[in-house]
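Student: File follows, run-v4.txt with compact mmCIF, C-alpha atoms:
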```txt
# COMPACT_ATOMS: atom_id res chain seq x y z
CA MET A 18 -70.72 37.36 195.24
CA ALA A 19 -71.02 40.24 192.82
CA GLU A 20 -67.38 39.90 191.88
CA THR A 21 -66.49 37.82 188.85
CA MET A 22 -64.84 34.69 190.18
CA ILE A 23 -61.34 33.85 189.05
CA ARG A 24 -60.49 30.19 189.25
CA PRO A 25 -57.24 29.62 191.12
CA ILE A 26 -54.01 28.90 189.32
CA LEU A 27 -52.99 25.27 189.47
CA PRO A 28 -49.70 24.37 191.11
CA ALA A 29 -46.74 24.25 188.74
CA LEU A 30 -46.55 20.45 188.56
CA ALA A 31 -50.22 20.16 187.71
CA LEU A 32 -49.92 22.76 184.98
CA LEU A 33 -46.93 20.92 183.53
CA LEU A 34 -48.79 17.65 183.40
CA LEU A 35 -51.97 19.26 182.12
CA THR A 36 -49.96 20.58 179.19
CA ALA A 37 -48.27 17.22 178.73
CA CYS A 38 -51.61 15.44 178.75
CA GLY A 39 -52.71 17.64 175.89
CA SER A 40 -49.91 16.19 173.78
CA PHE A 41 -51.08 12.60 174.15
CA SER A 42 -52.57 11.17 170.96
CA PHE A 43 -55.52 8.84 171.12
CA GLN A 44 -54.90 7.38 167.66
CA GLN A 45 -53.20 4.07 167.13
CA GLY A 46 -49.58 4.23 166.06
CA THR A 47 -48.87 7.72 167.40
CA GLY A 48 -46.64 6.72 170.28
CA GLN A 49 -49.18 7.10 173.08
CA ASP A 50 -48.46 5.66 176.49
CA PRO A 51 -50.16 2.22 176.52
CA SER A 52 -50.71 2.47 180.28
CA LEU A 53 -53.08 5.38 179.67
CA VAL A 54 -55.08 3.29 177.21
CA ARG A 55 -55.42 0.48 179.71
CA ARG A 56 -56.46 2.92 182.44
CA SER A 57 -59.05 4.54 180.22
CA ALA A 58 -60.48 1.20 179.14
CA ALA A 59 -60.51 -0.37 182.59
CA PRO A 60 -60.53 2.38 185.26
CA ALA A 61 -61.19 -0.10 188.05
CA ASP A 62 -57.86 -1.90 187.46
CA ALA A 63 -55.06 0.45 188.47
CA SER A 64 -52.69 -2.01 190.14
CA ASP A 65 -50.44 -2.34 187.08
CA GLN A 66 -50.30 1.42 186.34
CA SER A 67 -47.32 3.59 187.20
CA PRO A 68 -48.09 6.56 189.47
CA GLU A 69 -47.02 8.93 186.70
CA ALA A 70 -49.46 7.35 184.26
CA LEU A 71 -52.36 7.43 186.70
CA TYR A 72 -51.66 11.02 187.61
CA ALA A 73 -51.37 12.08 183.98
CA ALA A 74 -54.61 10.29 183.14
CA GLY A 75 -56.29 12.10 186.02
CA MET A 76 -55.07 15.42 184.67
CA GLN A 77 -56.43 14.53 181.25
CA GLU A 78 -59.85 13.75 182.71
CA LEU A 79 -59.76 17.00 184.66
CA ARG A 80 -58.94 18.90 181.50
CA GLN A 81 -62.00 17.38 179.84
CA ASN A 82 -64.17 18.31 182.84
CA ARG A 83 -64.79 14.65 183.66
CA TYR A 84 -64.45 15.36 187.33
CA GLN A 85 -65.52 12.07 188.88
CA ARG A 86 -63.12 10.08 186.68
CA ALA A 87 -60.36 12.52 187.59
CA VAL A 88 -61.05 12.05 191.31
CA ASP A 89 -61.07 8.27 190.89
CA LEU A 90 -57.72 8.37 189.10
CA PHE A 91 -56.10 10.66 191.66
CA ASP A 92 -57.44 8.43 194.43
CA SER A 93 -55.90 5.46 192.63
CA VAL A 94 -52.49 7.10 192.75
CA GLU A 95 -52.67 7.35 196.52
CA ARG A 96 -54.18 3.90 196.91
CA GLU A 97 -51.75 2.05 194.65
CA HIS A 98 -48.62 4.12 195.30
CA PRO A 99 -49.10 5.67 198.76
CA TYR A 100 -45.42 6.45 199.34
CA SER A 101 -44.73 8.16 196.03
CA THR A 102 -44.43 11.89 195.47
CA TRP A 103 -47.27 11.54 193.01
CA ALA A 104 -49.57 10.38 195.79
CA THR A 105 -48.97 13.60 197.72
CA ASN A 106 -49.66 15.71 194.66
CA ALA A 107 -52.74 13.64 193.88
CA LYS A 108 -54.24 14.59 197.27
CA LEU A 109 -54.05 18.22 196.32
CA MET A 110 -55.50 17.56 192.88
CA VAL A 111 -58.46 15.75 194.41
CA ALA A 112 -59.19 18.94 196.35
CA TYR A 113 -58.83 21.09 193.25
CA THR A 114 -61.11 18.79 191.25
CA GLU A 115 -63.81 18.92 193.93
CA TYR A 116 -63.50 22.70 194.04
CA SER A 117 -63.79 22.86 190.25
CA ARG A 118 -67.17 21.15 190.36
CA ASN A 119 -68.35 23.35 193.26
CA ARG A 120 -68.26 20.54 195.83
CA TYR A 121 -66.85 22.87 198.44
CA THR A 122 -67.37 20.69 201.50
CA GLU A 123 -65.46 17.83 199.89
CA ALA A 124 -62.72 20.21 198.70
CA ILE A 125 -62.30 21.72 202.16
CA GLY A 126 -62.12 18.26 203.74
CA ALA A 127 -59.43 17.17 201.27
CA LEU A 128 -57.47 20.37 201.83
CA ASP A 129 -57.64 20.05 205.61
CA ARG A 130 -56.17 16.56 205.33
CA PHE A 131 -53.48 17.74 202.93
CA ILE A 132 -52.49 20.64 205.21
CA GLN A 133 -52.38 18.39 208.27
CA LEU A 134 -50.29 15.69 206.59
CA HIS A 135 -47.99 17.87 204.47
CA PRO A 136 -47.40 21.21 206.25
CA ALA A 137 -44.03 21.73 204.55
CA HIS A 138 -45.13 20.88 201.00
CA ARG A 139 -44.00 23.30 198.31
CA ASP A 140 -47.64 24.02 197.40
CA ILE A 141 -48.86 24.50 200.97
CA ALA A 142 -49.61 28.19 200.33
CA TYR A 143 -51.82 27.17 197.43
CA ALA A 144 -53.62 24.64 199.65
CA TYR A 145 -54.48 27.35 202.20
CA TYR A 146 -55.56 29.68 199.41
CA LEU A 147 -57.78 27.10 197.76
CA ARG A 148 -59.38 26.32 201.11
CA ALA A 149 -60.10 30.03 201.60
CA LEU A 150 -61.62 30.25 198.11
CA SER A 151 -63.82 27.26 198.86
CA GLN A 152 -65.19 29.17 201.85
CA TYR A 153 -65.38 32.48 200.03
CA GLU A 154 -67.41 31.18 197.11
CA GLN A 155 -70.11 30.00 199.50
CA ILE A 156 -70.88 33.52 200.69
CA ASN A 157 -74.56 34.32 200.41
CA ASP A 158 -76.06 37.59 199.29
CA ALA A 159 -75.98 40.48 201.75
CA GLU A 160 -79.58 40.04 202.92
CA ARG A 161 -78.95 36.60 204.39
CA ASP A 162 -77.14 35.39 207.47
CA GLN A 163 -73.46 36.21 207.14
CA ARG A 164 -71.86 33.48 209.25
CA GLN A 165 -70.31 32.05 206.09
CA THR A 166 -68.83 35.46 205.31
CA GLN A 167 -67.11 35.49 208.71
CA ILE A 168 -65.74 31.98 208.13
CA ALA A 169 -64.45 32.98 204.70
CA MET A 170 -62.79 36.10 206.07
CA GLU A 171 -61.02 34.07 208.74
CA ALA A 172 -59.72 31.66 206.10
CA LEU A 173 -58.58 34.52 203.87
CA GLN A 174 -56.88 36.21 206.81
CA ASP A 175 -55.07 32.95 207.51
CA VAL A 176 -53.60 33.08 204.00
CA VAL A 177 -52.48 36.69 204.53
CA ASN A 178 -50.92 35.90 207.92
CA ARG A 179 -49.04 32.82 206.75
CA PHE A 180 -47.93 33.98 203.30
CA PRO A 181 -47.99 37.79 203.43
CA ASP A 182 -45.75 38.39 200.41
CA SER A 183 -47.38 35.88 198.07
CA ALA A 184 -49.72 36.48 195.16
CA TYR A 185 -52.25 34.42 197.11
CA ALA A 186 -52.14 36.98 199.95
CA ARG A 187 -52.69 39.86 197.55
CA ASP A 188 -55.81 38.23 196.15
CA ALA A 189 -56.97 37.26 199.65
CA ARG A 190 -56.77 40.90 200.74
CA LEU A 191 -58.94 41.94 197.81
CA LYS A 192 -61.52 39.30 198.62
CA MET A 193 -61.50 40.30 202.29
CA ASP A 194 -62.43 43.85 201.26
CA LEU A 195 -65.35 42.47 199.25
CA ALA A 196 -66.39 40.26 202.16
CA ARG A 197 -66.35 43.26 204.51
CA ASP A 198 -68.63 45.05 202.08
CA HIS A 199 -71.00 42.11 202.34
CA LEU A 200 -70.99 42.29 206.13
CA ALA A 201 -71.63 46.02 206.02
CA GLY A 202 -74.43 45.43 203.54
CA ARG A 203 -76.04 43.01 205.96
CA GLU A 204 -75.89 45.59 208.77
CA MET A 205 -77.46 48.17 206.49
CA HIS A 206 -80.24 45.81 205.48
CA VAL A 207 -81.13 45.08 209.10
CA GLY A 208 -80.76 48.73 210.09
CA ARG A 209 -83.14 49.90 207.38
CA TRP A 210 -85.67 47.30 208.49
CA TYR A 211 -85.45 48.52 212.10
CA GLN A 212 -85.86 52.09 210.91
CA ARG A 213 -88.99 51.24 208.90
CA GLN A 214 -90.44 49.47 211.94
CA GLY A 215 -89.84 52.51 214.13
CA LEU A 216 -87.18 50.70 216.19
CA ARG A 217 -84.89 53.68 216.07
CA GLN A 218 -82.42 52.77 218.81
CA ALA A 219 -81.85 49.36 217.26
CA ALA A 220 -81.36 51.00 213.86
CA ILE A 221 -78.85 53.46 215.32
CA GLY A 222 -76.81 50.55 216.64
CA ARG A 223 -76.62 48.94 213.21
CA PHE A 224 -75.74 52.13 211.36
CA ARG A 225 -73.12 53.09 213.92
CA ARG A 226 -71.52 49.71 213.54
CA VAL A 227 -71.18 50.26 209.79
CA VAL A 228 -69.53 53.65 210.39
CA GLU A 229 -67.17 52.37 213.09
CA GLU A 230 -66.30 48.86 211.93
CA TYR A 231 -66.62 49.03 208.14
CA GLN A 232 -65.12 52.42 207.39
CA THR A 233 -63.59 51.35 204.07
CA THR A 234 -66.85 50.13 202.54
CA ASN A 235 -69.16 52.07 200.26
CA HIS A 236 -72.03 51.74 202.75
CA VAL A 237 -70.71 54.41 205.14
CA PRO A 238 -72.26 57.47 203.42
CA GLU A 239 -75.74 55.96 203.57
CA ALA A 240 -75.21 54.87 207.17
CA LEU A 241 -74.32 58.46 208.15
CA HIS A 242 -77.38 59.76 206.31
CA ARG A 243 -79.67 57.24 208.01
CA LEU A 244 -78.27 58.30 211.39
CA THR A 245 -78.99 61.91 210.49
CA GLU A 246 -82.58 61.00 209.60
CA ILE A 247 -83.13 59.17 212.88
CA TYR A 248 -81.57 61.87 215.03
CA ILE A 249 -83.86 64.45 213.42
CA SER A 250 -86.88 62.20 214.05
CA LEU A 251 -85.83 61.98 217.71
CA GLY A 252 -85.44 65.73 217.98
CA LEU A 253 -81.65 65.46 218.41
CA THR A 254 -80.86 68.30 216.04
CA GLU A 255 -77.29 68.92 217.19
CA GLU A 256 -76.44 65.24 216.91
CA ALA A 257 -77.95 65.23 213.42
CA ARG A 258 -75.85 68.27 212.46
CA ARG A 259 -72.66 66.65 213.73
CA THR A 260 -73.37 63.47 211.82
CA ALA A 261 -74.21 65.36 208.64
CA SER A 262 -71.01 67.36 209.09
CA VAL A 263 -68.97 64.15 209.21
CA LEU A 264 -70.78 62.99 206.07
CA GLY A 265 -70.09 66.27 204.27
CA HIS A 266 -66.44 66.37 205.32
CA ASN A 267 -65.66 62.83 204.15
CA TYR A 268 -68.08 62.54 201.22
CA PRO A 269 -68.73 66.13 200.05
CA GLY A 270 -69.99 65.10 196.61
CA SER A 271 -72.23 62.31 197.86
CA THR A 272 -75.94 62.41 197.08
CA TRP A 273 -76.45 61.05 200.59
CA TYR A 274 -74.92 64.28 201.92
CA GLN A 275 -77.21 66.27 199.65
CA ASP A 276 -80.18 64.49 201.24
CA SER A 277 -78.88 65.08 204.76
CA TYR A 278 -78.24 68.75 204.02
CA ALA A 279 -81.79 69.10 202.70
CA LEU A 280 -83.13 67.70 205.96
CA LEU A 281 -81.27 70.30 207.99
CA VAL A 282 -81.42 73.41 205.79
CA GLU A 283 -84.79 74.77 204.81
CA GLY A 284 -85.14 75.23 201.07
CA ALA A 285 -82.21 72.94 200.18
CA THR A 286 -82.91 70.49 197.40
CA PRO A 287 -82.57 66.76 198.10
CA ALA A 288 -81.05 64.34 195.66
CA THR A 289 -83.25 62.87 192.96
CA PRO A 290 -85.45 60.26 194.70
CA ALA A 291 -84.92 57.78 191.84
CA ARG A 292 -81.27 57.39 192.79
CA GLN A 293 -82.29 55.66 196.01
CA GLY A 294 -84.15 52.97 194.10
CA LEU A 295 -83.27 49.31 194.07
CA VAL A 296 -81.47 49.36 190.72
CA THR A 297 -79.13 52.19 191.67
CA ARG A 298 -78.42 50.79 195.13
CA THR A 299 -77.54 47.50 193.49
CA LEU A 300 -75.19 49.21 191.03
CA ASN A 301 -73.53 51.12 193.88
CA TRP A 302 -73.03 47.86 195.75
CA LEU A 303 -71.51 46.20 192.69
CA PHE A 304 -69.10 49.00 191.85
```
Would you put the structure from the file into structure tokens?
Tutor:
Amino acid sequence: MAETMIRPILPALALLLLTACGSFSFQQGTGQDPSLVRRSAAPADASDQSPEALYAAGMQELRQNRYQRAVDLFDSVEREHPYSTWATNAKLMVAYTEYSRNRYTEAIGALDRFIQLHPAHRDIAYAYYLRALSQYEQINDAERDQRQTQIAMEALQDVVNRFPDSAYARDARLKMDLARDHLAGREMHVGRWYQRQGLRQAAIGRFRRVVEEYQTTNHVPEALHRLTEIYISLGLTEEARRTASVLGHNYPGSTWYQDSYALLVEGATPATPARQGLVTRTLNWLF
């Protein structure tokens, strides 16, 4: 995605423990929890650790970006203390840790299990949101197949539907707008290819879809201009005028409208050709 990714906020309990972990001293005689020392020295032996100590040690490893050790420690909480509250929280932290190291498939699997087993948990909204992010961050660039974009949008919409007044929903709505822009970009890419190949009816279908289904994206002005171009090439002058009129009414200052106007009015000056280059199109897509 062109957007700068914002890592999700950890649930309140995790943040509390992450801060607490930062206060642990690793020097002798400073009052550190001896259970953490034993866990660090012998990670395979967790049977004599309290769930709090294992969880805190996992948070410390996560803070140091030692992701596999963090996962192992969180798994130990569930394995050694399956009926504790810490075990439930550890499931969610496993998912977050996998997400943090970009192992999205593993994160989604862990989140699906958490959601199924703990639908009333206080952090259930966060679980749905993190699952949506794990889908969203797998979106490919606009010139590739966009099935993943559709999956991400469905997951984001699920967050909005279930938790409409939450901060998670507000961010999900923003990301859905960006995902729609990706889908529109894909339609434009295919439509331009059809147009270059002389497959004008197929191109019309793609550009019309952008205009009708992705009206809030920044691809609509170009789609209207491309339709104008094709209608003129087909001799459909009135249809071209109507399309250019829609473009001028909605985007009067657009350089795409200037180009369309130049196609229809003899002597009118088109926009500077350089603005249709790859660099500018990329900047328009980003911003």
Student: Can you work out the spacing between atom CA of Pro68 of chain A and atom CA of Val94 of chain A in Å, to one decimal?
Tutor: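 Result for atom CA of Pro68 of chain A versus atom CA of Val94 of chain A: 5.5 Å, one decimal.
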Student: Could you list, as a ChimeraX atom specification, every residue within 9 Å of Ser117 of chain A, counting only C-alpha atoms and ignoring same-chain residues fewer than 5 positions away?
Tutor: /A:24,82,84,112,124
Student: Provide the atom CA of Glu78 of chain A to atom CA of Glu97 of chain A distance in Å, to one decimal place.
Tutor: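 These two atoms are separated by 18.6 Å.
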Student: Here is a test: counting only C-alpha atoms, which residue of A:Trp273, A:Tyr248, A:Phe91, A:Trp210 is nearest to Asn235 of chain A?
Tutor: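 Closest to Asn235 of chain A, using only C-alpha atoms: A:Trp273.
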Student: Nearest residue to Phe180 of chain A out of A:Ala261, A:Leu147, A:Ala142, A:Leu281, using all atoms listed in the file?
Tutor: A:Ala142
Student: In Å, how far is it from atom CA of Tyr146 of chain A to atom CA of Ala196 of chain A?
Tutor: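 Between atom CA of Tyr146 of chain A and atom CA of Ala196 of chain A the gap is 15.4 Å.
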Student: When you look at Leu241 of chain A with a cut-off of 10 Å (counting all atoms listed in the file), what residues show up, excluding the ones that are within fewer than 5 positions of it in the same chain? I need them as a PDB file with C-alpha atoms, in the coordinates of the input.
Tutor:
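Below is the file selection24.pdb, written as the result:
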```
ATOM      1  CA  ILE A 221     -78.850  53.460 215.320  1.00  0.00           C
ATOM      2  CA  PHE A 224     -75.740  52.130 211.360  1.00  0.00           C
ATOM      3  CA  ARG A 225     -73.120  53.090 213.920  1.00  0.00           C
ATOM      4  CA  VAL A 227     -71.180  50.260 209.790  1.00  0.00           C
ATOM      5  CA  VAL A 228     -69.530  53.650 210.390  1.00  0.00           C
ATOM      6  CA  HIS A 236     -72.030  51.740 202.750  1.00  0.00           C
ATOM      7  CA  GLU A 246     -82.580  61.000 209.600  1.00  0.00           C
ATOM      8  CA  ALA A 257     -77.950  65.230 213.420  1.00  0.00           C
ATOM      9  CA  THR A 260     -73.370  63.470 211.820  1.00  0.00           C
ATOM     10  CA  ALA A 261     -74.210  65.360 208.640  1.00  0.00           C
ATOM     11  CA  SER A 262     -71.010  67.360 209.090  1.00  0.00           C
ATOM     12  CA  VAL A 263     -68.970  64.150 209.210  1.00  0.00           C
ATOM     13  CA  LEU A 264     -70.780  62.990 206.070  1.00  0.00           C
ATOM     14  CA  GLY A 265     -70.090  66.270 204.270  1.00  0.00           C
ATOM     15  CA  TRP A 273     -76.450  61.050 200.590  1.00  0.00           C
ATOM     16  CA  TYR A 274     -74.920  64.280 201.920  1.00  0.00           C
ATOM     17  CA  SER A 277     -78.880  65.080 204.760  1.00  0.00           C
TER      18      SER A 277
END
```
Student: Nearest to Ala189 of chain A: which of A:Ile249, A:Leu150, A:Ala201, A:Val207 is it, counting only C-alpha atoms?
Tutor: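 The shortest atom-to-atom distance to Ala189 of chain A comes from A:Leu150.
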Student: Within 10 Å of Phe131 of chain A, counting all atoms listed in the file, which residues qualify if same-chain residues fewer than 5 places away don't, as a ChimeraX atom specification?
Tutor: /A:105-109,112,125-126,136,138,141,144-145
Student: From the set A:Arg80, A:Arg179, A:Arg203, A:His98, which residue has the shortest atom-to-atom contact distance to Tyr231 of chain A, counting all atoms listed in the file?
Tutor: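 When distances to Tyr231 of chain A are compared using all atoms listed in the file, the smallest one comes from A:Arg203.
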Student: Within 12 Å of Arg187 of chain A, counting all atoms listed in the file, which residues show up once you throw out same-chain ones fewer than 6 positions away? Write them as a list of chain:residue names, please.
Tutor: A:Tyr146, A:Leu173, A:Gln174, A:Val176, A:Val177, A:Asn178, A:Phe180, A:Pro181, A:Met193, A:Asp194
Student: Just write the chosen residues, C-alpha atoms, as a short mmCIF file (atom, residue, chain, number, x, y, z; two decimals), in the frame of the given file.
Tutor:
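Output below, filename result07.cif:
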```
data_model
loop_
_atom_site.label_atom_id
_atom_site.label_comp_id
_atom_site.auth_asym_id
_atom_site.auth_seq_id
_atom_site.Cartn_x
_atom_site.Cartn_y
_atom_site.Cartn_z
CA TYR A 146 -55.56 29.68 199.41
CA LEU A 173 -58.58 34.52 203.87
CA GLN A 174 -56.88 36.21 206.81
CA VAL A 176 -53.60 33.08 204.00
CA VAL A 177 -52.48 36.69 204.53
CA ASN A 178 -50.92 35.90 207.92
CA PHE A 180 -47.93 33.98 203.30
CA PRO A 181 -47.99 37.79 203.43
CA MET A 193 -61.50 40.30 202.29
CA ASP A 194 -62.43 43.85 201.26
#
```
Student: Within 12 Å of (-59.0, 7.4, 190.4) (coordinates as in the file), grab all the protein and nucleic acid residues, counting only C-alpha atoms, and write them out as a PyMOL selection string.
Tutor: chain A and resi 56-57+59-64+66+68+70-79+83-98+104+107-108+110-111+114
Student: How would the residues just picked look written out with C-alpha atoms as an mmCIF file, keeping the file's coordinate frame?
Tutor:
```cif
data_model
loop_
_atom_site.group_PDB
_atom_site.id
_atom_site.type_symbol
_atom_site.label_atom_id
_atom_site.label_comp_id
_atom_site.auth_asym_id
_atom_site.auth_seq_id
_atom_site.Cartn_x
_atom_site.Cartn_y
_atom_site.Cartn_z
ATOM 1 C CA ARG A 56 -56.460 2.920 182.440
ATOM 2 C CA SER A 57 -59.050 4.540 180.220
ATOM 3 C CA ALA A 59 -60.510 -0.370 182.590
ATOM 4 C CA PRO A 60 -60.530 2.380 185.260
ATOM 5 C CA ALA A 61 -61.190 -0.100 188.050
ATOM 6 C CA ASP A 62 -57.860 -1.900 187.460
ATOM 7 C CA ALA A 63 -55.060 0.450 188.470
ATOM 8 C CA SER A 64 -52.690 -2.010 190.140
ATOM 9 C CA GLN A 66 -50.300 1.420 186.340
ATOM 10 C CA PRO A 68 -48.090 6.560 189.470
ATOM 11 C CA ALA A 70 -49.460 7.350 184.260
ATOM 12 C CA LEU A 71 -52.360 7.430 186.700
ATOM 13 C CA TYR A 72 -51.660 11.020 187.610
ATOM 14 C CA ALA A 73 -51.370 12.080 183.980
ATOM 15 C CA ALA A 74 -54.610 10.290 183.140
ATOM 16 C CA GLY A 75 -56.290 12.100 186.020
ATOM 17 C CA MET A 76 -55.070 15.420 184.670
ATOM 18 C CA GLN A 77 -56.430 14.530 181.250
ATOM 19 C CA GLU A 78 -59.850 13.750 182.710
ATOM 20 C CA LEU A 79 -59.760 17.000 184.660
ATOM 21 C CA ARG A 83 -64.790 14.650 183.660
ATOM 22 C CA TYR A 84 -64.450 15.360 187.330
ATOM 23 C CA GLN A 85 -65.520 12.070 188.880
ATOM 24 C CA ARG A 86 -63.120 10.080 186.680
ATOM 25 C CA ALA A 87 -60.360 12.520 187.590
ATOM 26 C CA VAL A 88 -61.050 12.050 191.310
ATOM 27 C CA ASP A 89 -61.070 8.270 190.890
ATOM 28 C CA LEU A 90 -57.720 8.370 189.100
ATOM 29 C CA PHE A 91 -56.100 10.660 191.660
ATOM 30 C CA ASP A 92 -57.440 8.430 194.430
ATOM 31 C CA SER A 93 -55.900 5.460 192.630
ATOM 32 C CA VAL A 94 -52.490 7.100 192.750
ATOM 33 C CA GLU A 95 -52.670 7.350 196.520
ATOM 34 C CA ARG A 96 -54.180 3.900 196.910
ATOM 35 C CA GLU A 97 -51.750 2.050 194.650
ATOM 36 C CA HIS A 98 -48.620 4.120 195.300
ATOM 37 C CA ALA A 104 -49.570 10.380 195.790
ATOM 38 C CA ALA A 107 -52.740 13.640 193.880
ATOM 39 C CA LYS A 108 -54.240 14.590 197.270
ATOM 40 C CA MET A 110 -55.500 17.560 192.880
ATOM 41 C CA VAL A 111 -58.460 15.750 194.410
ATOM 42 C CA THR A 114 -61.110 18.790 191.250
#
```
Student: When you get a chance, write out all heavy atoms for segment 231-238 of chain A, as a short mmCIF file (atom, residue, chain, number, x, y, z; two decimals), in the frame of the given file.
Tutor:
```
data_model
loop_
_atom_site.label_atom_id
_atom_site.label_comp_id
_atom_site.auth_asym_id
_atom_site.auth_seq_id
_atom_site.Cartn_x
_atom_site.Cartn_y
_atom_site.Cartn_z
N TYR A 231 -66.77 49.28 209.58
CA TYR A 231 -66.62 49.03 208.14
C TYR A 231 -66.37 50.34 207.40
O TYR A 231 -67.02 50.66 206.42
CB TYR A 231 -67.86 48.33 207.60
CG TYR A 231 -68.17 47.02 208.31
CD1 TYR A 231 -69.20 46.93 209.24
CD2 TYR A 231 -67.40 45.89 208.07
CE1 TYR A 231 -69.46 45.73 209.90
CE2 TYR A 231 -67.65 44.69 208.72
CZ TYR A 231 -68.69 44.62 209.64
OH TYR A 231 -68.95 43.44 210.29
N GLN A 232 -65.37 51.07 207.88
CA GLN A 232 -65.12 52.42 207.39
C GLN A 232 -64.66 52.46 205.93
O GLN A 232 -64.79 53.49 205.28
CB GLN A 232 -64.06 53.09 208.27
CG GLN A 232 -64.50 53.27 209.71
CD GLN A 232 -63.40 53.89 210.56
OE1 GLN A 232 -62.38 54.32 210.06
NE2 GLN A 232 -63.62 53.94 211.87
N THR A 233 -64.11 51.36 205.44
CA THR A 233 -63.59 51.35 204.07
C THR A 233 -64.63 50.90 203.04
O THR A 233 -64.32 50.83 201.85
CB THR A 233 -62.37 50.43 203.97
OG1 THR A 233 -62.74 49.09 204.33
CG2 THR A 233 -61.25 50.90 204.89
N THR A 234 -65.84 50.61 203.48
CA THR A 234 -66.85 50.13 202.54
C THR A 234 -67.66 51.29 201.98
O THR A 234 -67.67 52.40 202.52
CB THR A 234 -67.81 49.13 203.23
OG1 THR A 234 -68.65 49.85 204.15
CG2 THR A 234 -67.03 48.06 203.98
N ASN A 235 -68.38 51.01 200.90
CA ASN A 235 -69.16 52.07 200.26
C ASN A 235 -70.53 52.25 200.91
O ASN A 235 -71.37 52.99 200.38
CB ASN A 235 -69.31 51.80 198.76
CG ASN A 235 -70.01 50.48 198.46
OD1 ASN A 235 -70.55 49.83 199.37
ND2 ASN A 235 -70.00 50.07 197.21
N HIS A 236 -70.76 51.60 202.04
CA HIS A 236 -72.03 51.74 202.75
C HIS A 236 -72.01 52.87 203.77
O HIS A 236 -73.06 53.24 204.30
CB HIS A 236 -72.40 50.44 203.46
CG HIS A 236 -72.66 49.30 202.52
ND1 HIS A 236 -73.84 49.15 201.83
CD2 HIS A 236 -71.88 48.26 202.15
CE1 HIS A 236 -73.78 48.05 201.07
NE2 HIS A 236 -72.60 47.51 201.25
N VAL A 237 -70.83 53.41 204.08
CA VAL A 237 -70.71 54.41 205.14
C VAL A 237 -71.50 55.67 204.86
O VAL A 237 -72.18 56.19 205.77
CB VAL A 237 -69.22 54.72 205.40
CG1 VAL A 237 -69.08 55.88 206.38
CG2 VAL A 237 -68.51 53.49 205.95
N PRO A 238 -71.48 56.25 203.64
CA PRO A 238 -72.26 57.47 203.42
C PRO A 238 -73.76 57.29 203.72
O PRO A 238 -74.37 58.15 204.36
CB PRO A 238 -72.02 57.77 201.93
CG PRO A 238 -70.71 57.14 201.63
CD PRO A 238 -70.67 55.89 202.46
#
```
